[in-house]
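Trainee: Here you go, this is upload-v1.pdb (PDB, C-alpha atoms and all ligand atoms).
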```
ATOM      1  CA  MET A   1       3.676 -21.739 -54.716
ATOM      2  CA  GLU A   2       6.594 -23.315 -56.517
ATOM      3  CA  HIS A   3       8.808 -20.683 -55.020
ATOM      4  CA  ALA A   4       7.489 -21.361 -51.509
ATOM      5  CA  GLU A   5       8.162 -25.073 -51.888
ATOM      6  CA  LYS A   6      11.691 -24.441 -53.029
ATOM      7  CA  HIS A   7      12.198 -22.173 -50.077
ATOM      8  CA  THR A   8      11.037 -24.867 -47.634
ATOM      9  CA  ARG A   9      13.272 -27.408 -49.297
ATOM     10  CA  GLU A  10      16.263 -25.145 -48.940
ATOM     11  CA  GLN A  11      15.427 -24.424 -45.343
ATOM     12  CA  LYS A  12      15.184 -28.128 -44.663
ATOM     13  CA  LYS A  13      18.505 -28.748 -46.335
ATOM     14  CA  SER A  14      20.288 -26.086 -44.337
ATOM     15  CA  SER A  15      18.771 -27.248 -41.054
ATOM     16  CA  GLU A  16      19.838 -30.814 -41.804
ATOM     17  CA  LYS A  17      23.336 -29.546 -42.373
ATOM     18  CA  LYS A  18      23.228 -27.652 -39.111
ATOM     19  CA  ASP A  19      22.254 -30.794 -37.187
ATOM     20  CA  GLU A  20      24.956 -32.812 -38.905
ATOM     21  CA  VAL A  21      27.328 -34.459 -36.454
ATOM     22  CA  VAL A  22      30.804 -33.549 -37.668
ATOM     23  CA  ILE A  23      32.803 -35.266 -34.923
ATOM     24  CA  HIS A  24      31.369 -38.418 -33.372
ATOM     25  CA  ILE A  25      33.197 -40.135 -30.509
ATOM     26  CA  LYS A  26      31.795 -43.209 -28.771
ATOM     27  CA  GLY A  27      33.338 -45.429 -26.121
ATOM     28  CA  LEU A  28      36.828 -44.145 -26.881
ATOM     29  CA  LYS A  29      39.670 -45.715 -24.892
ATOM     30  CA  LYS A  30      43.382 -45.019 -24.993
ATOM     31  CA  SER A  31      46.124 -46.279 -22.700
ATOM     32  CA  PHE A  32      49.875 -45.844 -22.734
ATOM     33  CA  GLY A  33      51.274 -49.061 -21.304
ATOM     34  CA  GLU A  34      49.602 -49.540 -17.941
ATOM     35  CA  HIS A  35      48.424 -45.959 -17.865
ATOM     36  CA  GLU A  36      44.746 -45.744 -18.791
ATOM     37  CA  VAL A  37      44.237 -42.197 -20.024
ATOM     38  CA  LEU A  38      40.946 -42.178 -21.931
ATOM     39  CA  LYS A  39      38.531 -44.605 -20.307
ATOM     40  CA  ASN A  40      35.240 -43.892 -21.995
ATOM     41  CA  ILE A  41      34.952 -40.733 -24.050
ATOM     42  CA  ASN A  42      31.617 -39.971 -25.700
ATOM     43  CA  LEU A  43      31.021 -36.768 -27.617
ATOM     44  CA  ASP A  44      29.091 -35.552 -30.634
ATOM     45  CA  VAL A  45      29.990 -32.161 -32.040
ATOM     46  CA  LYS A  46      27.504 -30.666 -34.469
ATOM     47  CA  ARG A  47      28.285 -28.492 -37.453
ATOM     48  CA  GLY A  48      28.931 -24.912 -36.415
ATOM     49  CA  GLU A  49      29.097 -25.695 -32.721
ATOM     50  CA  ASN A  50      31.782 -24.550 -30.256
ATOM     51  CA  VAL A  51      32.355 -27.187 -27.580
ATOM     52  CA  VAL A  52      34.629 -26.324 -24.656
ATOM     53  CA  VAL A  53      36.411 -29.141 -22.806
ATOM     54  CA  LEU A  54      37.330 -28.482 -19.179
ATOM     55  CA  GLY A  55      39.574 -30.778 -17.172
ATOM     56  CA  LYS A  56      42.612 -30.920 -14.959
ATOM     57  CA  SER A  57      46.104 -31.215 -16.455
ATOM     58  CA  GLY A  58      47.157 -34.640 -17.610
ATOM     59  CA  GLU A  59      43.558 -35.856 -18.039
ATOM     60  CA  GLY A  60      43.955 -36.691 -21.709
ATOM     61  CA  LYS A  61      42.392 -33.655 -23.348
ATOM     62  CA  SER A  62      45.243 -33.264 -25.808
ATOM     63  CA  VAL A  63      45.332 -37.030 -26.395
ATOM     64  CA  THR A  64      41.687 -36.818 -27.514
ATOM     65  CA  ILE A  65      42.604 -34.150 -30.057
ATOM     66  CA  GLU A  66      45.506 -36.238 -31.325
ATOM     67  CA  CYS A  67      43.069 -39.091 -31.896
ATOM     68  CA  ILE A  68      40.775 -36.770 -33.872
ATOM     69  CA  VAL A  69      43.570 -35.834 -36.292
ATOM     70  CA  GLY A  70      44.767 -39.437 -36.500
ATOM     71  CA  LYS A  71      48.127 -38.902 -34.816
ATOM     72  CA  LEU A  72      47.219 -41.419 -32.124
ATOM     73  CA  ILE A  73      45.196 -44.564 -32.718
ATOM     74  CA  PRO A  74      42.613 -45.340 -30.013
ATOM     75  CA  ASP A  75      42.586 -48.788 -28.414
ATOM     76  CA  GLU A  76      38.824 -49.120 -28.511
ATOM     77  CA  GLY A  77      35.723 -47.238 -29.561
ATOM     78  CA  THR A  78      34.563 -45.243 -32.534
ATOM     79  CA  LEU A  79      35.810 -41.879 -33.705
ATOM     80  CA  THR A  80      34.432 -40.523 -36.940
ATOM     81  CA  VAL A  81      35.006 -37.149 -38.574
ATOM     82  CA  PHE A  82      32.603 -36.240 -41.397
ATOM     83  CA  GLY A  83      31.258 -39.781 -41.023
ATOM     84  CA  GLU A  84      34.580 -41.529 -41.663
ATOM     85  CA  GLU A  85      36.409 -43.637 -39.096
ATOM     86  CA  VAL A  86      39.760 -41.895 -38.547
ATOM     87  CA  ALA A  87      41.603 -45.016 -37.356
ATOM     88  CA  GLU A  88      40.824 -46.713 -40.678
ATOM     89  CA  MET A  89      42.133 -43.916 -42.890
ATOM     90  CA  ASN A  90      45.227 -44.414 -45.009
ATOM     91  CA  GLU A  91      47.954 -41.771 -45.334
ATOM     92  CA  ARG A  92      46.286 -40.063 -48.270
ATOM     93  CA  GLN A  93      42.924 -39.879 -46.487
ATOM     94  CA  LEU A  94      44.564 -38.565 -43.317
ATOM     95  CA  LYS A  95      46.337 -35.874 -45.285
ATOM     96  CA  GLU A  96      43.058 -34.861 -46.866
ATOM     97  CA  LEU A  97      41.327 -34.847 -43.468
ATOM     98  CA  ARG A  98      44.037 -32.651 -41.993
ATOM     99  CA  THR A  99      43.504 -30.012 -44.662
ATOM    100  CA  LYS A 100      39.979 -29.639 -43.267
ATOM    101  CA  ILE A 101      41.117 -29.330 -39.655
ATOM    102  CA  GLY A 102      42.865 -26.281 -38.231
ATOM    103  CA  PHE A 103      44.876 -26.870 -35.106
ATOM    104  CA  LEU A 104      45.952 -24.065 -32.792
ATOM    105  CA  PHE A 105      48.021 -25.296 -29.907
ATOM    106  CA  GLN A 106      49.678 -23.475 -27.057
ATOM    107  CA  GLY A 107      53.193 -23.459 -28.415
ATOM    108  CA  ALA A 108      52.126 -22.707 -32.001
ATOM    109  CA  ALA A 109      54.830 -20.449 -33.351
ATOM    110  CA  LEU A 110      55.293 -18.438 -36.509
ATOM    111  CA  TYR A 111      58.384 -18.972 -38.619
ATOM    112  CA  ASP A 112      60.725 -16.338 -37.192
ATOM    113  CA  SER A 113      62.706 -15.808 -40.375
ATOM    114  CA  MET A 114      59.608 -15.090 -42.468
ATOM    115  CA  THR A 115      57.432 -11.982 -42.627
ATOM    116  CA  VAL A 116      53.801 -12.211 -41.567
ATOM    117  CA  ARG A 117      52.834 -12.395 -45.255
ATOM    118  CA  GLU A 118      55.237 -15.269 -45.918
ATOM    119  CA  ASN A 119      53.939 -17.071 -42.837
ATOM    120  CA  MET A 120      50.378 -16.759 -44.200
ATOM    121  CA  GLU A 121      51.373 -17.874 -47.693
ATOM    122  CA  PHE A 122      53.122 -20.975 -46.440
ATOM    123  CA  PRO A 123      50.019 -23.170 -45.912
ATOM    124  CA  LEU A 124      48.457 -21.859 -49.123
ATOM    125  CA  THR A 125      51.387 -22.836 -51.311
ATOM    126  CA  ARG A 126      52.568 -25.902 -49.368
ATOM    127  CA  VAL A 127      49.308 -27.451 -48.234
ATOM    128  CA  LEU A 128      46.703 -26.222 -50.702
ATOM    129  CA  LYS A 129      49.272 -25.933 -53.538
ATOM    130  CA  LEU A 130      47.750 -22.665 -54.716
ATOM    131  CA  LYS A 131      49.619 -20.943 -57.540
ATOM    132  CA  ASP A 132      47.416 -18.037 -58.517
ATOM    133  CA  ARG A 133      49.145 -14.893 -57.212
ATOM    134  CA  ALA A 134      45.959 -12.809 -57.061
ATOM    135  CA  GLU A 135      44.113 -15.462 -55.075
ATOM    136  CA  ILE A 136      46.993 -15.874 -52.627
ATOM    137  CA  ASP A 137      47.242 -12.110 -52.078
ATOM    138  CA  GLN A 138      43.489 -11.850 -51.600
ATOM    139  CA  ARG A 139      43.389 -14.642 -49.034
ATOM    140  CA  VAL A 140      46.295 -13.163 -47.074
ATOM    141  CA  GLU A 141      44.641  -9.752 -47.068
ATOM    142  CA  ASP A 142      41.235 -11.154 -46.015
ATOM    143  CA  VAL A 143      42.486 -13.312 -43.188
ATOM    144  CA  LEU A 144      44.740 -10.618 -41.720
ATOM    145  CA  GLU A 145      41.844  -8.191 -41.944
ATOM    146  CA  SER A 146      39.622 -10.568 -39.960
ATOM    147  CA  VAL A 147      42.127 -10.904 -37.109
ATOM    148  CA  GLY A 148      42.896  -7.175 -37.100
ATOM    149  CA  LEU A 149      46.436  -7.463 -38.449
ATOM    150  CA  ALA A 150      46.090  -5.885 -41.889
ATOM    151  CA  ASP A 151      48.825  -3.370 -41.079
ATOM    152  CA  ALA A 152      51.304  -5.997 -39.936
ATOM    153  CA  VAL A 153      51.566  -7.870 -43.229
ATOM    154  CA  ASP A 154      55.196  -6.914 -43.889
ATOM    155  CA  LYS A 155      56.417  -7.144 -40.303
ATOM    156  CA  MET A 156      58.624  -9.861 -38.844
ATOM    157  CA  PRO A 157      57.202 -11.946 -35.977
ATOM    158  CA  SER A 158      59.799 -10.419 -33.641
ATOM    159  CA  ASP A 159      58.216  -6.991 -34.260
ATOM    160  CA  LEU A 160      54.829  -8.182 -32.993
ATOM    161  CA  SER A 161      53.470  -8.272 -29.438
ATOM    162  CA  GLY A 162      52.561 -11.645 -27.884
ATOM    163  CA  GLY A 163      48.884 -11.043 -28.589
ATOM    164  CA  MET A 164      49.549 -10.098 -32.204
ATOM    165  CA  ARG A 165      51.668 -13.223 -32.701
ATOM    166  CA  LYS A 166      48.802 -15.309 -31.365
ATOM    167  CA  ARG A 167      46.400 -13.590 -33.775
ATOM    168  CA  ALA A 168      48.813 -14.204 -36.621
ATOM    169  CA  GLY A 169      49.053 -17.880 -35.613
ATOM    170  CA  LEU A 170      45.268 -18.106 -35.671
ATOM    171  CA  ALA A 171      45.173 -16.377 -39.068
ATOM    172  CA  ARG A 172      47.697 -18.820 -40.491
ATOM    173  CA  THR A 173      45.471 -21.692 -39.362
ATOM    174  CA  LEU A 174      42.293 -20.084 -40.686
ATOM    175  CA  ILE A 175      43.710 -19.148 -44.078
ATOM    176  CA  VAL A 176      43.108 -22.643 -45.474
ATOM    177  CA  LYS A 177      39.437 -22.274 -44.409
ATOM    178  CA  PRO A 178      39.259 -25.345 -42.184
ATOM    179  CA  GLU A 179      35.808 -26.760 -41.456
ATOM    180  CA  ILE A 180      36.926 -27.829 -37.993
ATOM    181  CA  MET A 181      39.080 -25.859 -35.545
ATOM    182  CA  LEU A 182      40.786 -27.536 -32.612
ATOM    183  CA  TYR A 183      42.063 -25.077 -30.020
ATOM    184  CA  ASP A 184      44.359 -26.552 -27.361
ATOM    185  CA  GLU A 185      44.650 -24.016 -24.543
ATOM    186  CA  PRO A 186      44.554 -21.014 -26.869
ATOM    187  CA  THR A 187      44.882 -18.401 -24.112
ATOM    188  CA  THR A 188      47.422 -20.066 -21.812
ATOM    189  CA  GLY A 189      50.397 -17.806 -21.161
ATOM    190  CA  LEU A 190      48.632 -14.654 -22.337
ATOM    191  CA  ASP A 191      47.774 -11.679 -20.149
ATOM    192  CA  PRO A 192      44.076 -11.233 -19.235
ATOM    193  CA  ILE A 193      43.358  -8.547 -21.823
ATOM    194  CA  THR A 194      44.980 -10.464 -24.671
ATOM    195  CA  SER A 195      43.246 -13.648 -23.501
ATOM    196  CA  ARG A 196      39.897 -11.919 -23.766
ATOM    197  CA  GLU A 197      40.744 -10.615 -27.250
ATOM    198  CA  ILE A 198      41.692 -14.093 -28.427
ATOM    199  CA  SER A 199      38.519 -15.594 -26.935
ATOM    200  CA  GLN A 200      36.403 -12.982 -28.690
ATOM    201  CA  LEU A 201      38.277 -13.668 -31.890
ATOM    202  CA  ILE A 202      37.554 -17.405 -31.587
ATOM    203  CA  LEU A 203      33.863 -16.551 -31.316
ATOM    204  CA  GLU A 204      34.016 -14.150 -34.286
ATOM    205  CA  MET A 205      35.810 -16.751 -36.397
ATOM    206  CA  GLN A 206      33.096 -19.313 -35.619
ATOM    207  CA  LYS A 207      30.463 -16.861 -36.883
ATOM    208  CA  LYS A 208      32.473 -15.707 -39.897
ATOM    209  CA  TYR A 209      33.845 -19.017 -41.172
ATOM    210  CA  LYS A 210      31.061 -21.269 -39.748
ATOM    211  CA  THR A 211      33.649 -23.566 -38.251
ATOM    212  CA  THR A 212      32.948 -26.433 -35.889
ATOM    213  CA  SER A 213      35.301 -26.191 -32.906
ATOM    214  CA  ILE A 214      36.612 -27.964 -29.871
ATOM    215  CA  ILE A 215      38.264 -25.606 -27.411
ATOM    216  CA  ILE A 216      40.350 -27.029 -24.583
ATOM    217  CA  THR A 217      40.895 -24.451 -21.886
ATOM    218  CA  HIS A 218      41.422 -23.750 -18.207
ATOM    219  CA  ASP A 219      40.436 -20.159 -18.755
ATOM    220  CA  MET A 220      36.873 -19.744 -17.534
ATOM    221  CA  GLU A 221      36.458 -16.407 -19.255
ATOM    222  CA  CYS A 222      37.490 -18.049 -22.518
ATOM    223  CA  ALA A 223      34.923 -20.795 -21.859
ATOM    224  CA  SER A 224      32.183 -18.300 -21.062
ATOM    225  CA  ILE A 225      32.868 -16.292 -24.224
ATOM    226  CA  THR A 226      33.321 -19.118 -26.716
ATOM    227  CA  ALA A 227      31.192 -22.076 -25.580
ATOM    228  CA  ASP A 228      27.877 -23.143 -27.016
ATOM    229  CA  ARG A 229      28.309 -26.202 -24.826
ATOM    230  CA  VAL A 230      30.798 -27.231 -22.135
ATOM    231  CA  VAL A 231      31.909 -30.759 -21.238
ATOM    232  CA  VAL A 232      33.824 -31.563 -18.067
ATOM    233  CA  MET A 233      36.413 -34.331 -18.086
ATOM    234  CA  ASP A 234      37.386 -36.344 -15.043
ATOM    235  CA  GLU A 235      39.297 -39.609 -14.785
ATOM    236  CA  GLY A 236      39.174 -40.370 -18.471
ATOM    237  CA  GLU A 237      35.484 -39.616 -19.012
ATOM    238  CA  TYR A 238      33.213 -36.658 -19.654
ATOM    239  CA  ILE A 239      31.203 -36.498 -16.445
ATOM    240  CA  ALA A 240      29.025 -33.457 -17.122
ATOM    241  CA  GLU A 241      27.855 -31.349 -20.015
ATOM    242  CA  GLY A 242      25.658 -28.324 -20.527
ATOM    243  CA  THR A 243      25.757 -24.628 -21.202
ATOM    244  CA  PHE A 244      28.316 -22.562 -19.322
ATOM    245  CA  ASP A 245      25.592 -21.073 -17.114
ATOM    246  CA  SER A 246      23.929 -24.385 -16.318
ATOM    247  CA  LEU A 247      27.231 -26.027 -15.296
ATOM    248  CA  LYS A 248      28.124 -23.029 -13.199
ATOM    249  CA  LYS A 249      25.077 -23.842 -11.073
ATOM    250  CA  SER A 250      25.804 -27.591 -10.996
ATOM    251  CA  LYS A 251      25.240 -29.450  -7.732
ATOM    252  CA  ASP A 252      28.362 -31.507  -8.407
ATOM    253  CA  GLU A 253      31.220 -30.111  -6.379
ATOM    254  CA  PHE A 254      33.909 -31.180  -8.873
ATOM    255  CA  VAL A 255      32.088 -29.468 -11.732
ATOM    256  CA  ARG A 256      31.568 -26.319  -9.674
ATOM    257  CA  SER A 257      35.233 -26.283  -8.683
ATOM    258  CA  PHE A 258      36.149 -25.090 -12.192
ATOM    259  CA  PHE A 259      33.994 -21.981 -11.971
TER
HETATM  260  N1  LIG B 301      52.480 -40.218 -26.818
HETATM  261  C1  LIG B 301      52.357 -40.481 -25.514
HETATM  262  N2  LIG B 301      52.994 -41.523 -24.935
HETATM  263  C2  LIG B 301      52.853 -41.799 -23.634
HETATM  264  N3  LIG B 301      52.099 -41.096 -22.788
HETATM  265  C3  LIG B 301      51.425 -40.043 -23.288
HETATM  266  C4  LIG B 301      51.524 -39.682 -24.670
HETATM  267  N4  LIG B 301      50.739 -38.600 -24.877
HETATM  268  C5  LIG B 301      50.194 -38.296 -23.685
HETATM  269  N5  LIG B 301      50.586 -39.154 -22.725
HETATM  270  C6  LIG B 301      50.150 -39.145 -21.325
HETATM  271  O1  LIG B 301      48.739 -39.093 -21.298
HETATM  272  C7  LIG B 301      48.288 -38.283 -20.232
HETATM  273  C8  LIG B 301      47.344 -37.232 -20.745
HETATM  274  O2  LIG B 301      48.072 -36.284 -21.483
HETATM  275  P1  LIG B 301      47.412 -35.017 -22.179
HETATM  276  O3  LIG B 301      46.338 -35.429 -23.111
HETATM  277  O4  LIG B 301      48.531 -34.234 -22.744
HETATM  278  O5  LIG B 301      46.753 -34.247 -20.936
HETATM  279  P2  LIG B 301      45.977 -32.867 -20.927
HETATM  280  O6  LIG B 301      44.590 -33.177 -20.438
HETATM  281  O7  LIG B 301      46.697 -32.010 -19.932
HETATM  282  O8  LIG B 301      46.007 -32.319 -22.303
HETATM  283  C9  LIG B 301      49.530 -37.714 -19.552
HETATM  284  O9  LIG B 301      49.799 -38.489 -18.424
HETATM  285  C10 LIG B 301      50.605 -37.894 -20.593
HETATM  286  O10 LIG B 301      51.856 -38.089 -20.003
HETATM  287 MG    MG B 302      47.018 -30.717 -23.069
END
```
Re-express the file's structure as structure tokens.
Ligand SMILES: Nc1ncnc2c1ncn2[C@@H]1O[C@H](COP(=O)(O)OP(=O)(O)O)[C@@H](O)[C@H]1O
Ligand SMILES: [Mg+2]
Mentor:
Amino acid sequence: MEHAEKHTREQKKSSEKKDEVVIHIKGLKKSFGEHEVLKNINLDVKRGENVVVLGKSGEGKSVTIECIVGKLIPDEGTLTVFGEEVAEMNERQLKELRTKIGFLFQGAALYDSMTVRENMEFPLTRVLKLKDRAEIDQRVEDVLESVGLADAVDKMPSDLSGGMRKRAGLARTLIVKPEIMLYDEPTTGLDPITSREISQLILEMQKKYKTTSIIITHDMECASITADRVVVMDEGEYIAEGTFDSLKKSKDEFVRSFF
């Protein structure tokens, strides 16, 4: 009986955690001079969820991400991460927040003069300030294993294919075990086969590391593979949301135009 009660309690706890809103955005506005970019952004991302953002170029998708990491301060609205208002954080709090957020952007590059191993170690020693050699080696080995690059540990970035470099970039982001992953056009510029591999990897990483992710993409295959939920942005707002399959059948012509 006692055991059963404990079990229920634990189940309750884990389901509460699952429903936890990790990123909460309400009424977010951001202009640059006269140019109104974000007009009214509303979004709740739950723990463990992959949300894909679709939208034309120049809509403000990247601006939204920069607000989430506190690089840009919104003009109006609320934006909390783990329940804390980002715009009110001081430098120390922002630094701490950024250790929990992994950011993979299109132009993310490895350090060319360092081996893959040294590239992986960099965030561990510089950001997490780890010193224990065995722990560092273990983390490097584990993360490269999970992106299928175990054999490339001593190679230079110039010896890797474009797809392998992208995997290595993802590994370098994941090695600090971020709770949130922000992917800004992760497959842009890659060939279709590599794009699919990266999309599948994003999905695997969500399952393996239980990350909460926002994925900005134009790549509909990437969206179909990675999304638990899709939001469509138009003129500074999210105008539709749903599963990939439900939006694909949307009656709205603009929404359908992406598919
Ligand atoms: N720091 C900035 N200063 C001025 N304008 C900016 C800045 N960042 C972005 N913008 C403008 O905001 C708009 C949205 O940009 P962005 O978020 O990069 O679009 P996308 O949806 O393609 O990611 C663009 O017109 C861009 O020029
Ligand atoms: Mg962008």
Trainee: Put the listed atoms of ligand LIG 301 (chain B) in a box along x, y and z with 6 Å added on every side and give me the centre and edge lengths in Å to one decimal, as AutoDock Vina command-line options.
Mentor:
```
--center_x 48.8 --center_y -36.9 --center_z -22.6 --size_x 20.4 --size_y 21.8 --size_z 20.4
```
Trainee: I'd like the residues picked by the PyMOL selection byres (((chain A and resi 87-96) around 12) and not hetatm) written out as a PyMOL selection string, using the chain letters and numbers from the file.
Mentor: chain A and resi 25+28+66-86+97-101+127-128+178
Trainee: Can you find the residues with an atom no farther than 10 Å from (27.0, -39.0, -23.9), counting all atoms listed in the file, and report them as a ChimeraX atom specification?
Mentor: /A:25-27,40-44,231,237-241
Trainee: Could you please take those selected residues and save C-alpha atoms as an mmCIF file, keeping the file's coordinate frame?
Mentor:
```
data_model
loop_
_atom_site.group_PDB
_atom_site.id
_atom_site.type_symbol
_atom_site.label_atom_id
_atom_site.label_comp_id
_atom_site.auth_asym_id
_atom_site.auth_seq_id
_atom_site.Cartn_x
_atom_site.Cartn_y
_atom_site.Cartn_z
ATOM 1 C CA ILE A 25 33.197 -40.135 -30.509
ATOM 2 C CA LYS A 26 31.795 -43.209 -28.771
ATOM 3 C CA GLY A 27 33.338 -45.429 -26.121
ATOM 4 C CA ASN A 40 35.240 -43.892 -21.995
ATOM 5 C CA ILE A 41 34.952 -40.733 -24.050
ATOM 6 C CA ASN A 42 31.617 -39.971 -25.700
ATOM 7 C CA LEU A 43 31.021 -36.768 -27.617
ATOM 8 C CA ASP A 44 29.091 -35.552 -30.634
ATOM 9 C CA VAL A 231 31.909 -30.759 -21.238
ATOM 10 C CA GLU A 237 35.484 -39.616 -19.012
ATOM 11 C CA TYR A 238 33.213 -36.658 -19.654
ATOM 12 C CA ILE A 239 31.203 -36.498 -16.445
ATOM 13 C CA ALA A 240 29.025 -33.457 -17.122
ATOM 14 C CA GLU A 241 27.855 -31.349 -20.015
#
```
Trainee: Given the choices A:Gln138, A:Leu170, A:Gly162, A:Val52, which gets closest to A:Glu221 if the distance is worked out from all atoms listed in the file?
Mentor: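 Among A:Gln138, A:Leu170, A:Gly162, A:Val52, it is A:Val52 that comes nearest to A:Glu221.
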Trainee: Within 10 Å of ligand LIG 301 (chain B), counting all atoms listed in the file: which residues, as a PyMOL selection string?
Mentor: chain A and resi 30-33+35-38+53-66+71-72+184-185+216-218+233-234+236
Trainee: Would you please work out which residue, of A:Ser113, A:Ser250, A:Thr194, A:Ser257, is nearest to A:Ser161 when using all atoms listed in the file?
Mentor: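 Checking each candidate against A:Ser161, we get A:Thr194 as the closest.
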Trainee: Which residues are near A:Lys249? Cut-off 10 Å, all atoms listed in the file, ignore same chain within fewer than 6 positions. Put them as a VMD selection string.
Mentor: chain A and resid 255 to 256 259
Trainee: So the first atom is atom CA of A:Asp159 and the second is atom CA of A:Gly102; what is the distance between them in Å, to one decimal place?
Mentor: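 Taking atom CA of A:Asp159 and atom CA of A:Gly102, their separation equals 25.0 Å.
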Trainee: Do a neighbour search on A:Phe122 at 12 Å with all atoms listed in the file, toss out local chain neighbours closer than 5 positions, and write the hits as a list in words.
Mentor: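 Within the cut-off, the hits are Leu110, Tyr111, Met114, Thr115, Val116, Arg117, Val127, Leu128, Lys129, Leu130, Lys131, Ile136, Arg139, Val140, Gly169, Ala171, Arg172, Thr173, Ile175 and Val176 of chain A.
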Trainee: Calculated over all atoms listed in the file, which of the candidates A:Gly148, A:Gly163, A:Gln106, A:Thr211 has the smallest distance to ligand MG 302 (chain B)?
Mentor: A:Gln106
Trainee: What separation in Å, quoted to one decimal, exists between atom CA of A:Ala109 and atom CA of A:Lys166?
Mentor: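 Atom CA of A:Lys166 lies 8.2 Å from atom CA of A:Ala109.
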Trainee: For the atom pair atom CA of A:Gly242 and atom CA of A:Ala227, what is the interatomic distance in Å to one decimal place?
Mentor: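 Computing it gives 9.8 Å between the two atoms.
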Trainee: Once you count only C-alpha atoms, which residues end up no further than 7 Å from (46.2, -25.1, -34.7) in the file's frame, shown as a PyMOL selection string?
Mentor: chain A and resi 102-105+108+173+182-183
Trainee: Between A:Leu203, A:Val230, A:Ile215, A:Ile198, which has the minimum distance to ligand MG 302 (chain B) (counting all atoms listed in the file)?
Mentor: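 With all atoms listed in the file as the atom set, the closest residue is A:Ile215.
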Trainee: My list of candidates is A:Asp112, A:Glu204, A:Asp142, A:Glu179. Which is closest to A:Ile23 when distances are computed with only C-alpha atoms?
Mentor: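 Under the stated criterion, the closest residue is A:Glu179.
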Trainee: Hey, which of A:Thr188, A:Met205, A:Gln200, A:Glu235 ends up closest to ligand MG 302 (chain B)? Count all atoms listed in the file.
Mentor: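 With all atoms listed in the file as the atom set, the closest residue is A:Thr188.
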